[in-house]
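Participant: Before I ask anything, here is the structure I am working with.
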Amino acid sequence: MTLLDDFLIRAALAGVGVAIAAAPLGCFVVWRRMAYFGDATAHAAILGVALSLGFATSVFVGALAAALLMAVTVSSLSGRGYAMDTLLGVLAHSALAFGLVAVSFLHGVRIDLMGYLFGDILAVSKADLAVIWAGAALVLGLLWWRWSALLLSSLNQDLAYAAGLNPRREQMVLTVALALVVAVAIKVVGVLLIAALLIIPAATARPFATTPERMGIVAAVLGSLSAIGGLALSYQFDTPTGPSIVCLAAVLFALSSLSHVIRRA
Amino acid sequence: MSLIDVQNLTVRMGGNTILSGVNFRMDQGEIVTIVGPNGSGKSTLLKAIVGALRPNAGKVVRQSGLRIGYVPQKLHIDPTLPLTVGRFMNLPRHVSDAAAQDALDEAGAGALSDRQMADLSGGQFQRVMLARALLSKPHLLILDEATQGLDQPGSAAFYRQIEQVRSDMGCAVLMVSHELHVVMAASDRVICLNGHVCCQGAPEQVASAPEYRALFGSGTQGALALYRHEHTHSHDEACAHDHAHDHSHDHEAAE
């Protein structure tokens, strides 16, 4: 009998794991204005989920592969005729639609689609927890390793080239990290709300940060608070957990913006 | 050996040939300015030299161990990114506080270390960019329209800072500029670019070349040539800049 046998503890740990990986990555998503990129990657994951159920492979692997494929496709198609938001609008919603249609073809497998769209954090197993924390550690490791290079590439590509870096490679690092976060976050908030977990804590942290690093750390703290608080609220009021986490994050964002406005006035 | 030797450089983008067969070289300590109309490939040339662009043909030979300091054309810092000047100086590699402060002092931005990049004025921002470029103790400083968006006193002050940096550090300077009077006063050599090198040489030579006249019209050219001929020996005095303004204004008024 250990602590992890309690489903609430497992849920809280899963939420915190995703939040601390998503927060610093979310900062880059905000700085580089790739919010829709996160959305598109997440929506593609539902297609991956459908395929992996069809071929009886791990949902994590399927979602990761689909998210990676989407992210790489968008990266390589960008700047070739269509505006980025158009491209993302086409790809994100197509991937979601194809995913939903693909799921309907799955006979014999009864799957809870809602569980993948909005997450099922209360059903997190010990194995899920291991995958989530391994994925989160990998994402944090990647970001730690490439942090300064990523930061300079986000500021200006030419400066990065002049410093001997390759901004395209850095973009690929972000892309891979994003796909990883999406794959591990499906269980926690579902594909429709992953982007919220990336962006909202980062945006909330902005007024309290003077350096990029501080923004990442504050965002991680706020994301974790939202995860734990959202879980508690959903337990208290019997509301869906994933959306409750995002609601709390949104409330924190409103408070942060309000305090920023008041401090400036 | 030259610092850089650009050989037969050709760059195409999306079916358009931006640069074709560009040749030039730069020697130690020179100040070389590239002038040319919009879309003439000035920025593209600088990007190819710093390695941000791969040429379709030709090459850029750099002296071995050459250190380049680069100030790009415009840098927009997204307001969502909190970044102090001090932190910016440490991108992508960590430098000591003393080294960062030295570079800021040299660029005339000594007091700005704790400020947010987003809060700086145009002139302050460019000085910080210059300071960051100086961190590596460059042999060659490359500036792409560094004074864009600065008013005239601001850009004159900035160019004086560049001259100061050159005399302190002995680095060569390669820059793109639209401010022809400054170009004429401060450069050792001018390269007139329009997809290819139209003409190059000492500022007086270029200003009177027919290729240059064809690009910039004879009005400006006349004013510059006039100024240049009368002030050939006083161009490194601060007051020469003022004369330059006077002359060109008078000339334009007379037209």
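Chains: A, B, ... in order of the structure tokens. Residues: from 1 per chain. Ligands: from 1, in order shown.
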For chain A against chain B, with a cut-off of 8 Å and counting only C-alpha atoms, what is the closest atom pair and its distance in Å to one decimal for every residue that makes the cut, ordered by chain and number, as CSV?

Facilitator:
```
residue,atom,partner,partner_atom,distance
A:Val30,CA,B:Thr80,CA,7.0
A:Trp31,CA,B:Leu81,CA,5.7
A:Ser148,CA,B:Pro92,CA,4.9
A:Ala149,CA,B:Pro92,CA,5.5
A:Leu151,CA,B:Leu91,CA,7.6
A:Leu152,CA,B:Pro92,CA,6.2
A:Leu155,CA,B:Ile77,CA,6.5
A:Asn156,CA,B:Leu75,CA,6.8
A:Gln157,CA,B:Ala52,CA,7.8
A:Asp158,CA,B:Ala52,CA,5.6
A:Leu159,CA,B:Pro72,CA,6.9
A:Tyr161,CA,B:Ala52,CA,5.0
A:Ala162,CA,B:Val50,CA,5.3
A:Ala163,CA,B:Pro92,CA,7.5
A:Ala203,CA,B:Thr80,CA,7.7
A:Arg206,CA,B:Thr80,CA,6.5
A:Ala209,CA,B:Pro82,CA,6.3
A:Thr210,CA,B:Pro82,CA,5.1
A:Thr211,CA,B:Leu83,CA,4.9
A:Pro212,CA,B:Pro82,CA,5.5
A:Met215,CA,B:Pro82,CA,7.6
```

Participant: Determine which residues of region 49-117 of chain B receive a DSSP assignment of strand (DSSP E), computed from the backbone, and state them as a PyMOL selection string.

Facilitator: chain B and resi 57-62+68-71

Participant: I need the residues from that last selection saved to file as a PDB file, in the first residue's frame (with C-alpha atoms), if you can.

Facilitator:
```pdb
ATOM      1  CA  ALA B  57      26.715  30.035 -56.363  1.00  0.00           C
ATOM      2  CA  GLY B  58      30.029  31.563 -55.404  1.00  0.00           C
ATOM      3  CA  LYS B  59      31.374  31.743 -51.881  1.00  0.00           C
ATOM      4  CA  VAL B  60      32.453  33.920 -49.016  1.00  0.00           C
ATOM      5  CA  VAL B  61      35.987  33.149 -47.887  1.00  0.00           C
ATOM      6  CA  ARG B  62      36.636  34.274 -44.339  1.00  0.00           C
ATOM      7  CA  ILE B  68      32.291  38.864 -36.778  1.00  0.00           C
ATOM      8  CA  GLY B  69      30.032  41.135 -34.741  1.00  0.00           C
ATOM      9  CA  TYR B  70      26.645  41.514 -36.380  1.00  0.00           C
ATOM     10  CA  VAL B  71      23.922  44.112 -35.825  1.00  0.00           C
TER      11      VAL B  71
END
```

Participant: Quick one: residues within 9 Å of region 182-195 of chain A, only C-alpha atoms counted, chain neighbours fewer than 3 positions away excluded, as a PyMOL selection string?

Facilitator: chain A and resi 11+14-15+18-19+22+26+35-39+41-46+59-65+67+114-124+128+131-133+135-136+177-179+198-200+241-243+245-246

Participant: What gap, in Å, lies between CA of Arg166 (chain B) and CA of Leu112 (chain B)?

Facilitator: 21.9 Å

Participant: Determine the nearest neighbour of Arg25 (chain B) from the options B:Ser187, B:Gln161, B:Ser155, B:Gln63, counting only C-alpha atoms.

Facilitator: B:Gln63

Participant: Could you tell me how far CA of Thr33 (chain B) lies from CA of Val190 (chain B), in Å and to one decimal?

Facilitator: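 Between these atoms lies a distance of 4.9 Å.
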
Participant: Quick one: everything within 10 Å of Val218 (chain A), counting only C-alpha atoms, minus sequence neighbours fewer than 5 positions away in the same chain. Send it as a ChimeraX atom specification.

Facilitator: /A:20,23-24,201-202,204-206,208-209,213,223-224

Participant: Residues as selected, C-alpha atoms, written as an mmCIF file, in the first residue's frame, can you do that?

Facilitator:
```
data_model
loop_
_atom_site.group_PDB
_atom_site.id
_atom_site.type_symbol
_atom_site.label_atom_id
_atom_site.label_comp_id
_atom_site.auth_asym_id
_atom_site.auth_seq_id
_atom_site.Cartn_x
_atom_site.Cartn_y
_atom_site.Cartn_z
ATOM 1 C CA ILE A 20 5.761 21.903 -15.203
ATOM 2 C CA ALA A 23 4.833 25.913 -18.709
ATOM 3 C CA PRO A 24 8.350 26.709 -19.978
ATOM 4 C CA PRO A 201 0.114 29.866 -17.335
ATOM 5 C CA ALA A 202 2.804 31.504 -19.513
ATOM 6 C CA THR A 204 -0.356 34.712 -16.536
ATOM 7 C CA ALA A 205 3.312 34.738 -15.523
ATOM 8 C CA ARG A 206 4.306 37.560 -17.885
ATOM 9 C CA PHE A 208 5.578 38.992 -12.772
ATOM 10 C CA ALA A 209 8.712 38.272 -14.771
ATOM 11 C CA GLU A 213 13.836 32.198 -16.951
ATOM 12 C CA GLY A 223 0.365 25.657 -13.908
ATOM 13 C CA SER A 224 0.912 23.288 -10.989
#
```

Participant: List as a PDB file with N, CA and C atoms, in the first residue's frame the protein and nucleic acid residues near Gln200 (chain B), meaning an atom at most 6 Å away when only C-alpha atoms are counted, but skip any in the same chain fewer than 2 places from it.

Facilitator:
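Wrote it out as selection.pdb, contents follow:
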```
ATOM      1  N   VAL B 190      33.245  52.814 -50.707  1.00  0.00           N
ATOM      2  CA  VAL B 190      31.811  52.679 -50.906  1.00  0.00           C
ATOM      3  C   VAL B 190      31.571  51.654 -52.002  1.00  0.00           C
ATOM      4  N   ILE B 191      30.594  50.788 -51.745  1.00  0.00           N
ATOM      5  CA  ILE B 191      30.207  49.818 -52.770  1.00  0.00           C
ATOM      6  C   ILE B 191      28.772  50.125 -53.154  1.00  0.00           C
ATOM      7  N   CYS B 192      28.579  50.390 -54.436  1.00  0.00           N
ATOM      8  CA  CYS B 192      27.242  50.707 -54.897  1.00  0.00           C
ATOM      9  C   CYS B 192      26.651  49.424 -55.481  1.00  0.00           C
ATOM     10  N   VAL B 206      33.025  57.032 -56.379  1.00  0.00           N
ATOM     11  CA  VAL B 206      31.710  56.437 -56.541  1.00  0.00           C
ATOM     12  C   VAL B 206      30.667  57.518 -56.796  1.00  0.00           C
TER      13      VAL B 206
END
```

Participant: Would you mind telling me which residue in B:Leu46, B:Ala214, B:Gly36, B:Gly170 lies nearest to Leu9 (chain B) when using only C-alpha atoms?

Facilitator: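 Smallest distance to Leu9 (chain B) is found for B:Leu46.
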
Participant: Please, which residues of region 123-233 of chain B, numbered as in this document, come out alpha helix (DSSP H) from DSSP, as a PyMOL selection string?

Facilitator: chain B and resi 123-134+152-169+180-186+203-208+210-230

Participant: Rounded to one decimal, what separation in Å do you get between CA of Leu129 (chain A) and CA of Leu96 (chain A)?

Facilitator: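 The value is 25.8 Å.
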